$ cat structure-v4.pdb   # PDB, C-alpha atoms, pLDDT in the B column
MODEL        1
ATOM      1  CA  MET A 202     151.164 118.290  45.185  1.00 93.00           C
ATOM      2  CA  ILE A 203     148.404 117.553  42.737  1.00 95.00           C
ATOM      3  CA  GLY A 204     145.479 119.540  41.404  1.00 95.00           C
ATOM      4  CA  PHE A 205     141.907 118.585  40.680  1.00 96.00           C
ATOM      5  CA  SER A 206     139.105 120.465  39.030  1.00 95.00           C
ATOM      6  CA  GLY A 207     135.566 119.981  37.878  1.00 94.00           C
ATOM      7  CA  PRO A 208     132.360 121.923  37.445  1.00 93.00           C
ATOM      8  CA  LYS A 209     132.150 124.552  40.211  1.00 92.00           C
ATOM      9  CA  ILE A 210     135.060 123.087  42.162  1.00 94.00           C
ATOM     10  CA  ARG A 211     138.823 123.155  41.898  1.00 94.00           C
ATOM     11  CA  GLY A 212     141.559 122.539  44.381  1.00 93.00           C
ATOM     12  CA  THR A 213     144.967 121.242  45.288  1.00 94.00           C
ATOM     13  CA  CYS A 214     145.979 118.320  47.448  1.00 95.00           C
ATOM     14  CA  ILE A 215     149.364 118.460  49.111  1.00 94.00           C
ATOM     15  CA  LEU A 216     150.845 115.262  50.485  1.00 95.00           C
ATOM     16  CA  ALA A 217     153.972 115.755  52.592  1.00 93.00           C
ATOM     17  CA  ALA A 218     155.896 113.022  54.345  1.00 93.00           C
ATOM     18  CA  SER A 219     159.121 112.528  56.164  1.00 90.00           C
ATOM     19  CA  GLU A 220     161.570 109.962  54.871  1.00 91.00           C
ATOM     20  CA  SER A 221     160.671 107.006  57.060  1.00 93.00           C
ATOM     21  CA  PRO A 222     157.001 106.478  56.166  1.00 94.00           C
ATOM     22  CA  LEU A 223     157.898 107.012  52.531  1.00 94.00           C
ATOM     23  CA  LYS A 224     160.578 104.330  52.555  1.00 94.00           C
ATOM     24  CA  MET A 225     158.491 101.903  54.586  1.00 95.00           C
ATOM     25  CA  SER A 226     155.544 102.181  52.220  1.00 95.00           C
ATOM     26  CA  ASP A 227     157.540 101.875  48.987  1.00 95.00           C
ATOM     27  CA  PRO A 228     157.246  98.272  47.789  1.00 94.00           C
ATOM     28  CA  ILE A 229     160.084  98.537  45.262  1.00 93.00           C
ATOM     29  CA  GLY A 230     162.488 100.931  46.964  1.00 91.00           C
ATOM     30  CA  GLY A 231     162.654 103.411  44.114  1.00 90.00           C
ATOM     31  CA  PRO A 232     163.447 107.122  44.201  1.00 93.00           C
ATOM     32  CA  PRO A 233     161.420 108.936  46.918  1.00 93.00           C
ATOM     33  CA  ARG A 234     160.369 111.647  44.457  1.00 93.00           C
ATOM     34  CA  ALA A 235     158.789 109.099  42.150  1.00 95.00           C
ATOM     35  CA  TRP A 236     157.133 107.283  45.036  1.00 96.00           C
ATOM     36  CA  ILE A 237     155.525 110.317  46.641  1.00 96.00           C
ATOM     37  CA  ALA A 238     154.294 111.377  43.207  1.00 96.00           C
ATOM     38  CA  GLU A 239     152.705 107.951  42.845  1.00 96.00           C
ATOM     39  CA  LEU A 240     151.226 108.121  46.355  1.00 96.00           C
ATOM     40  CA  SER A 241     149.743 111.548  45.744  1.00 96.00           C
ATOM     41  CA  ASN A 242     148.291 110.321  42.471  1.00 96.00           C
ATOM     42  CA  GLN A 243     146.670 107.384  44.240  1.00 96.00           C
ATOM     43  CA  LEU A 244     145.511 109.603  47.105  1.00 97.00           C
ATOM     44  CA  VAL A 245     143.723 112.021  44.815  1.00 97.00           C
ATOM     45  CA  GLY A 246     142.326 109.079  42.866  1.00 96.00           C
ATOM     46  CA  ARG A 247     140.716 107.869  46.080  1.00 96.00           C
ATOM     47  CA  ILE A 248     139.450 111.373  46.872  1.00 95.00           C
ATOM     48  CA  LYS A 249     138.072 111.647  43.350  1.00 95.00           C
ATOM     49  CA  ASN A 250     136.156 108.373  43.715  1.00 94.00           C
ATOM     50  CA  LYS A 251     134.707 109.465  47.042  1.00 93.00           C
ATOM     51  CA  LEU A 252     133.775 112.891  45.686  1.00 93.00           C
ATOM     52  CA  LEU A 253     131.777 111.152  42.969  1.00 93.00           C
ATOM     53  CA  ALA A 254     129.568 109.684  45.662  1.00 92.00           C
ATOM     54  CA  HIS A 255     129.022 113.192  47.037  1.00 92.00           C
ATOM     55  CA  GLY A 256     127.985 114.516  43.645  1.00 90.00           C
ATOM     56  CA  ALA A 257     131.189 116.133  42.361  1.00 91.00           C
ATOM     57  CA  GLU A 258     133.149 114.882  39.391  1.00 93.00           C
ATOM     58  CA  VAL A 259     136.716 116.146  39.100  1.00 95.00           C
ATOM     59  CA  ASP A 260     139.666 115.600  36.798  1.00 96.00           C
ATOM     60  CA  VAL A 261     143.151 115.257  38.210  1.00 95.00           C
ATOM     61  CA  THR A 262     146.403 116.889  37.091  1.00 95.00           C
ATOM     62  CA  THR A 263     149.798 115.231  37.032  1.00 94.00           C
ATOM     63  CA  PRO A 264     151.643 115.444  40.366  1.00 95.00           C
ATOM     64  CA  VAL A 265     154.436 117.903  41.078  1.00 94.00           C
ATOM     65  CA  VAL A 266     157.083 117.039  43.665  1.00 95.00           C
ATOM     66  CA  LEU A 267     159.217 119.459  45.633  1.00 89.00           C
ATOM     67  CA  ARG A 268     161.578 119.138  48.552  1.00 86.00           C
ATOM     68  CA  GLY A 269     161.449 121.718  51.287  1.00 80.00           C
ATOM     69  CA  GLU A 270     161.485 122.520  54.946  1.00 77.00           C
ATOM     70  CA  LEU A 271     158.885 124.277  57.068  1.00 74.00           C
ATOM     71  CA  LEU A 272     156.253 124.236  54.374  1.00 73.00           C
ATOM     72  CA  ALA A 273     152.958 125.446  55.790  1.00 72.00           C
ATOM     73  CA  PRO A 274     149.608 126.608  54.492  1.00 71.00           C
ATOM     74  CA  LEU A 275     148.584 130.233  54.860  1.00 69.00           C
ATOM     75  CA  ASP A 276     145.877 131.304  57.265  1.00 62.00           C
ATOM     76  CA  ALA A 277     143.771 131.919  54.190  1.00 56.00           C
ATOM     77  CA  ARG A 278     142.930 128.230  54.362  1.00 55.00           C
ATOM     78  CA  ASN A 279     140.137 129.198  56.691  1.00 57.00           C
ATOM     79  CA  LYS A 280     142.129 128.273  59.769  1.00 65.00           C
ATOM     80  CA  LEU A 281     141.860 124.565  59.058  1.00 76.00           C
ATOM     81  CA  PRO A 282     145.211 123.023  59.961  1.00 79.00           C
ATOM     82  CA  PRO A 283     146.703 120.307  57.739  1.00 85.00           C
ATOM     83  CA  ARG A 284     145.737 116.768  58.545  1.00 89.00           C
ATOM     84  CA  ALA A 285     148.679 115.307  60.419  1.00 91.00           C
ATOM     85  CA  PHE A 286     149.501 111.654  60.944  1.00 94.00           C
ATOM     86  CA  ALA A 287     152.155 109.938  62.986  1.00 93.00           C
ATOM     87  CA  SER A 288     153.743 106.717  61.872  1.00 92.00           C
ATOM     88  CA  GLU A 289     156.733 104.733  62.981  1.00 87.00           C
ATOM     89  CA  GLY A 290     159.698 107.028  62.485  1.00 86.00           C
ATOM     90  CA  GLY A 291     158.019 110.021  60.920  1.00 90.00           C
ATOM     91  CA  ASN A 292     154.987 112.043  60.003  1.00 91.00           C
ATOM     92  CA  VAL A 293     152.667 112.457  57.078  1.00 94.00           C
ATOM     93  CA  PHE A 294     150.655 115.576  56.302  1.00 92.00           C
ATOM     94  CA  VAL A 295     147.775 116.200  53.940  1.00 93.00           C
ATOM     95  CA  TRP A 296     146.131 119.472  53.251  1.00 89.00           C
ATOM     96  CA  ILE A 297     143.542 120.513  50.769  1.00 91.00           C
ATOM     97  CA  GLU A 298     143.050 123.911  49.253  1.00 90.00           C
ATOM     98  CA  LEU A 299     139.701 124.488  47.622  1.00 90.00           C
ATOM     99  CA  ASP A 300     137.840 127.022  45.530  1.00 90.00           C
ATOM    100  CA  THR A 301     134.168 126.466  44.954  1.00 91.00           C
ATOM    101  CA  ASP A 302     131.340 128.210  43.211  1.00 91.00           C
ATOM    102  CA  PRO A 303     128.607 129.236  45.678  1.00 89.00           C
ATOM    103  CA  THR A 304     126.114 127.250  43.608  1.00 91.00           C
ATOM    104  CA  LEU A 305     128.048 124.007  44.108  1.00 90.00           C
ATOM    105  CA  VAL A 306     125.946 121.324  45.754  1.00 87.00           C
ATOM    106  CA  LEU A 307     127.662 118.416  47.496  1.00 87.00           C
ATOM    107  CA  SER A 308     125.646 115.836  49.340  1.00 86.00           C
ATOM    108  CA  LEU A 309     126.939 115.546  52.874  1.00 82.00           C
ATOM    109  CA  THR A 310     126.262 111.828  52.948  1.00 83.00           C
ATOM    110  CA  PRO A 311     127.721 109.672  50.174  1.00 84.00           C
ATOM    111  CA  ARG A 312     125.356 108.067  47.735  1.00 78.00           C
ATOM    112  CA  GLY A 313     126.303 104.425  47.304  1.00 66.00           C
ATOM    113  CA  GLY A 314     125.554 101.666  44.912  1.00 46.00           C
ATOM    114  CA  GLY A 315     124.728 103.749  41.884  1.00 42.00           C
ATOM    115  CA  ARG A 316     125.907 102.862  38.445  1.00 45.00           C
ATOM    116  CA  GLY A 317     129.424 104.051  37.847  1.00 48.00           C
ATOM    117  CA  ARG A 318     130.081 104.687  41.505  1.00 49.00           C
ATOM    118  CA  GLY A 319     133.036 103.021  43.130  1.00 51.00           C
ATOM    119  CA  ARG A 320     134.664 102.512  46.481  1.00 54.00           C
ATOM    120  CA  CYS A 321     138.047 104.079  47.014  1.00 52.00           C
ATOM    121  CA  ASP A 322     139.840 100.793  46.428  1.00 55.00           C
ATOM    122  CA  ASP A 323     137.899  99.864  43.313  1.00 54.00           C
ATOM    123  CA  VAL A 324     139.084 100.226  39.758  1.00 53.00           C
ATOM    124  CA  LEU A 325     136.688 102.156  37.557  1.00 53.00           C
ATOM    125  CA  ILE A 326     136.430 100.762  34.054  1.00 52.00           C
ATOM    126  CA  ALA A 327     134.851 102.738  31.260  1.00 51.00           C
ATOM    127  CA  THR A 328     133.567 100.717  28.332  1.00 49.00           C
ATOM    128  CA  ARG A 329     131.522 101.508  25.274  1.00 52.00           C
ATOM    129  CA  TYR A 330     128.545 100.202  27.230  1.00 52.00           C
ATOM    130  CA  GLY A 331     129.041 102.557  30.171  1.00 52.00           C
ATOM    131  CA  SER A 332     131.172 102.416  33.268  1.00 51.00           C
ATOM    132  CA  ARG A 333     131.241  99.876  36.042  1.00 53.00           C
ATOM    133  CA  SER A 334     133.257  99.322  39.140  1.00 53.00           C
ATOM    134  CA  VAL A 335     135.139  96.157  39.958  1.00 50.00           C
ATOM    135  CA  LYS A 336     137.152  95.180  42.981  1.00 51.00           C
ATOM    136  CA  SER A 337     140.845  95.571  42.277  1.00 50.00           C
ATOM    137  CA  PRO A 338     142.656  92.267  42.768  1.00 47.00           C
ATOM    138  CA  TRP A 339     145.675  94.298  43.793  1.00 47.00           C
ATOM    139  CA  ALA A 340     143.660  96.086  46.488  1.00 47.00           C
ATOM    140  CA  ALA A 341     142.239  92.796  47.734  1.00 42.00           C
ATOM    141  CA  GLU A 342     145.740  91.450  48.067  1.00 43.00           C
ATOM    142  CA  ARG A 343     146.842  94.510  50.009  1.00 42.00           C
ATOM    143  CA  TRP A 344     143.817  94.642  52.258  1.00 36.00           C
TER     144      TRP A 344
ATOM    145  CA  MET B 279     127.471 125.270  49.421  1.00 78.00           C
ATOM    146  CA  GLU B 280     130.059 127.564  51.000  1.00 82.00           C
ATOM    147  CA  THR B 281     133.731 126.905  50.349  1.00 82.00           C
ATOM    148  CA  LEU B 282     134.482 126.251  54.011  1.00 85.00           C
ATOM    149  CA  GLU B 283     131.729 123.658  54.267  1.00 88.00           C
ATOM    150  CA  ALA B 284     132.988 121.930  51.106  1.00 90.00           C
ATOM    151  CA  LEU B 285     136.558 122.148  52.388  1.00 90.00           C
ATOM    152  CA  LYS B 286     135.638 120.437  55.634  1.00 90.00           C
ATOM    153  CA  LEU B 287     133.987 117.633  53.699  1.00 92.00           C
ATOM    154  CA  VAL B 288     136.912 117.152  51.284  1.00 93.00           C
ATOM    155  CA  ASP B 289     139.336 117.435  54.195  1.00 92.00           C
ATOM    156  CA  LYS B 290     137.594 114.581  55.991  1.00 93.00           C
ATOM    157  CA  ILE B 291     137.576 112.532  52.793  1.00 95.00           C
ATOM    158  CA  ALA B 292     141.311 113.205  52.367  1.00 95.00           C
ATOM    159  CA  GLU B 293     142.031 112.101  55.929  1.00 94.00           C
ATOM    160  CA  GLU B 294     140.282 108.766  55.428  1.00 95.00           C
ATOM    161  CA  ALA B 295     141.825 108.286  51.996  1.00 96.00           C
ATOM    162  CA  CYS B 296     145.357 108.970  53.270  1.00 96.00           C
ATOM    163  CA  THR B 297     144.976 106.588  56.193  1.00 96.00           C
ATOM    164  CA  SER B 298     143.663 103.794  53.989  1.00 96.00           C
ATOM    165  CA  LEU B 299     146.318 104.444  51.329  1.00 96.00           C
ATOM    166  CA  PHE B 300     149.265 104.060  53.689  1.00 96.00           C
ATOM    167  CA  GLN B 301     147.557 101.142  55.423  1.00 95.00           C
ATOM    168  CA  ALA B 302     147.354  99.425  52.042  1.00 95.00           C
ATOM    169  CA  TYR B 303     151.140  99.678  51.831  1.00 95.00           C
ATOM    170  CA  GLY B 304     151.628  98.319  55.321  1.00 94.00           C
ATOM    171  CA  VAL B 305     152.201 101.616  57.130  1.00 95.00           C
ATOM    172  CA  PRO B 306     149.555 102.363  59.769  1.00 95.00           C
ATOM    173  CA  LEU B 307     148.972 106.048  60.386  1.00 94.00           C
ATOM    174  CA  GLU B 308     147.612 107.624  63.537  1.00 92.00           C
ATOM    175  CA  THR B 309     145.837 110.948  63.260  1.00 90.00           C
ATOM    176  CA  VAL B 310     147.515 113.535  65.461  1.00 88.00           C
ATOM    177  CA  SER B 311     147.335 117.265  65.993  1.00 79.00           C
ATOM    178  CA  ALA B 312     149.550 119.167  63.575  1.00 69.00           C
ATOM    179  CA  ALA B 313     150.292 121.676  66.319  1.00 62.00           C
ATOM    180  CA  GLY B 314     152.051 119.067  68.409  1.00 54.00           C
ATOM    181  CA  ILE B 315     154.491 117.885  65.758  1.00 56.00           C
ATOM    182  CA  ARG B 316     158.117 118.958  65.838  1.00 54.00           C
ATOM    183  CA  LEU B 317     159.862 118.386  62.564  1.00 53.00           C
ATOM    184  CA  PRO B 318     163.422 117.065  62.702  1.00 52.00           C
ATOM    185  CA  ARG B 319     166.156 119.586  61.998  1.00 49.00           C
ATOM    186  CA  ARG B 320     168.953 118.810  59.581  1.00 45.00           C
TER     187      ARG B 320
ENDMDL
END
$ encode --input "structure-v4.pdb" --output "structure tokens"
Amino acid sequence: MIGFSGPKIRGTCILAASESPLKMSDPIGGPPRAWIAELSNQLVGRIKNKLLAHGAEVDVTTPVVLRGELLAPLDARNKLPPRAFASEGGNVFVWIELDTDPTLVLSLTPRGGGRGRGRCDDVLIATRYGSRSVKSPWAAERW
Amino acid sequence: METLEALKLVDKIAEEACTSLFQAYGVPLETVSAAGIRLPRR
């Protein structure tokens, strides 16, 4: 579980997974708690980059990990069920909780190509001359 | 923008981001209905 907040928007992203997809995705076979924390950090990093293209800039908190059974969002989440995914041997769930100011404006279509904008698999580098986006060699290797 | 409208947008972004994240680690994910999933009992 990891939080994000910015002007007129704040929320929480919950990433839940059963054991199998966690183990299969972990390249070093470390503790599951550490790995799902890392995955949630990367997930919200990707969401953050995409939100930039929609006009919202958010900061991200450090992840918090908990183990539990039958975790479920309340109906207060506007009746939107969690995003559910099936993988070999288990399931993955993602759900977002969001609070927004009524004056928040998000563009429904992403703006691309602008200075400082990145794709979800890019690394954003801030320098004294501004920010730019470069393709991550690690991402290229993975893709 | 209303919260629900923003939530739907961020929700869609999260779905794509989660799929691509696990794919990057070699685990393909298939989007399914949460209602149809039965969690394993201990």
$ interface_residues --input "structure-v4.pdb" --of "chain A" --to "chain B" --cutoff "9 Å" --atoms "only C-alpha atoms" --output "PDB file with C-alpha atoms, keeping the file's coordinate frame"
ATOM      1  CA  CYS A 214     145.979 118.320  47.448  1.00 95.00           C
ATOM      2  CA  LEU A 216     150.845 115.262  50.485  1.00 95.00           C
ATOM      3  CA  SER A 219     159.121 112.528  56.164  1.00 90.00           C
ATOM      4  CA  PRO A 222     157.001 106.478  56.166  1.00 94.00           C
ATOM      5  CA  MET A 225     158.491 101.903  54.586  1.00 95.00           C
ATOM      6  CA  SER A 226     155.544 102.181  52.220  1.00 95.00           C
ATOM      7  CA  ASP A 227     157.540 101.875  48.987  1.00 95.00           C
ATOM      8  CA  PRO A 228     157.246  98.272  47.789  1.00 94.00           C
ATOM      9  CA  LEU A 240     151.226 108.121  46.355  1.00 96.00           C
ATOM     10  CA  GLN A 243     146.670 107.384  44.240  1.00 96.00           C
ATOM     11  CA  LEU A 244     145.511 109.603  47.105  1.00 97.00           C
ATOM     12  CA  VAL A 245     143.723 112.021  44.815  1.00 97.00           C
ATOM     13  CA  ARG A 247     140.716 107.869  46.080  1.00 96.00           C
ATOM     14  CA  ILE A 248     139.450 111.373  46.872  1.00 95.00           C
ATOM     15  CA  LYS A 251     134.707 109.465  47.042  1.00 93.00           C
ATOM     16  CA  LEU A 252     133.775 112.891  45.686  1.00 93.00           C
ATOM     17  CA  GLU A 270     161.485 122.520  54.946  1.00 77.00           C
ATOM     18  CA  LEU A 271     158.885 124.277  57.068  1.00 74.00           C
ATOM     19  CA  ARG A 278     142.930 128.230  54.362  1.00 55.00           C
ATOM     20  CA  ASN A 279     140.137 129.198  56.691  1.00 57.00           C
ATOM     21  CA  LEU A 281     141.860 124.565  59.058  1.00 76.00           C
ATOM     22  CA  PRO A 282     145.211 123.023  59.961  1.00 79.00           C
ATOM     23  CA  PRO A 283     146.703 120.307  57.739  1.00 85.00           C
ATOM     24  CA  ARG A 284     145.737 116.768  58.545  1.00 89.00           C
ATOM     25  CA  ALA A 285     148.679 115.307  60.419  1.00 91.00           C
ATOM     26  CA  PHE A 286     149.501 111.654  60.944  1.00 94.00           C
ATOM     27  CA  ALA A 287     152.155 109.938  62.986  1.00 93.00           C
ATOM     28  CA  SER A 288     153.743 106.717  61.872  1.00 92.00           C
ATOM     29  CA  GLU A 289     156.733 104.733  62.981  1.00 87.00           C
ATOM     30  CA  GLY A 291     158.019 110.021  60.920  1.00 90.00           C
ATOM     31  CA  ASN A 292     154.987 112.043  60.003  1.00 91.00           C
ATOM     32  CA  VAL A 293     152.667 112.457  57.078  1.00 94.00           C
ATOM     33  CA  PHE A 294     150.655 115.576  56.302  1.00 92.00           C
ATOM     34  CA  VAL A 295     147.775 116.200  53.940  1.00 93.00           C
ATOM     35  CA  TRP A 296     146.131 119.472  53.251  1.00 89.00           C
ATOM     36  CA  ILE A 297     143.542 120.513  50.769  1.00 91.00           C
ATOM     37  CA  GLU A 298     143.050 123.911  49.253  1.00 90.00           C
ATOM     38  CA  LEU A 299     139.701 124.488  47.622  1.00 90.00           C
ATOM     39  CA  ASP A 300     137.840 127.022  45.530  1.00 90.00           C
ATOM     40  CA  THR A 301     134.168 126.466  44.954  1.00 91.00           C
ATOM     41  CA  ASP A 302     131.340 128.210  43.211  1.00 91.00           C
ATOM     42  CA  PRO A 303     128.607 129.236  45.678  1.00 89.00           C
ATOM     43  CA  THR A 304     126.114 127.250  43.608  1.00 91.00           C
ATOM     44  CA  LEU A 305     128.048 124.007  44.108  1.00 90.00           C
ATOM     45  CA  VAL A 306     125.946 121.324  45.754  1.00 87.00           C
ATOM     46  CA  LEU A 307     127.662 118.416  47.496  1.00 87.00           C
ATOM     47  CA  LEU A 309     126.939 115.546  52.874  1.00 82.00           C
ATOM     48  CA  CYS A 321     138.047 104.079  47.014  1.00 52.00           C
ATOM     49  CA  ASP A 322     139.840 100.793  46.428  1.00 55.00           C
ATOM     50  CA  ALA A 340     143.660  96.086  46.488  1.00 47.00           C
ATOM     51  CA  ARG A 343     146.842  94.510  50.009  1.00 42.00           C
ATOM     52  CA  TRP A 344     143.817  94.642  52.258  1.00 36.00           C
TER      53      TRP A 344
END
$ axis_aligned_box --input "structure-v4.pdb" --around "segment 283-292 of chain A" --padding-each-side "8 Å" --output "AutoDock Vina command-line options"
--center_x 152.7 --center_y 112.5 --center_z 60.4 --size_x 30.0 --size_y 31.6 --size_z 21.2
$ closest_residue --input "structure-v4.pdb" --among "A:Val265, A:Thr213, A:Asp260, A:Pro208" --to "Trp236 of chain A" --atoms "only C-alpha atoms"
A:Val265
$ atom_distance --input "structure-v4.pdb" --atom1 "atom CA of Ile215 of chain A" --atom2 "atom CA of His255 of chain A"
21.1 Å
$ atom_distance --input "structure-v4.pdb" --atom1 "atom CA of Glu239 of chain A" --atom2 "atom CA of Gly212 of chain A"
18.4 Å
$ atom_distance --input "structure-v4.pdb" --atom1 "atom CA of Leu223 of chain A" --atom2 "atom CA of Gly290 of chain A"
10.1 Å
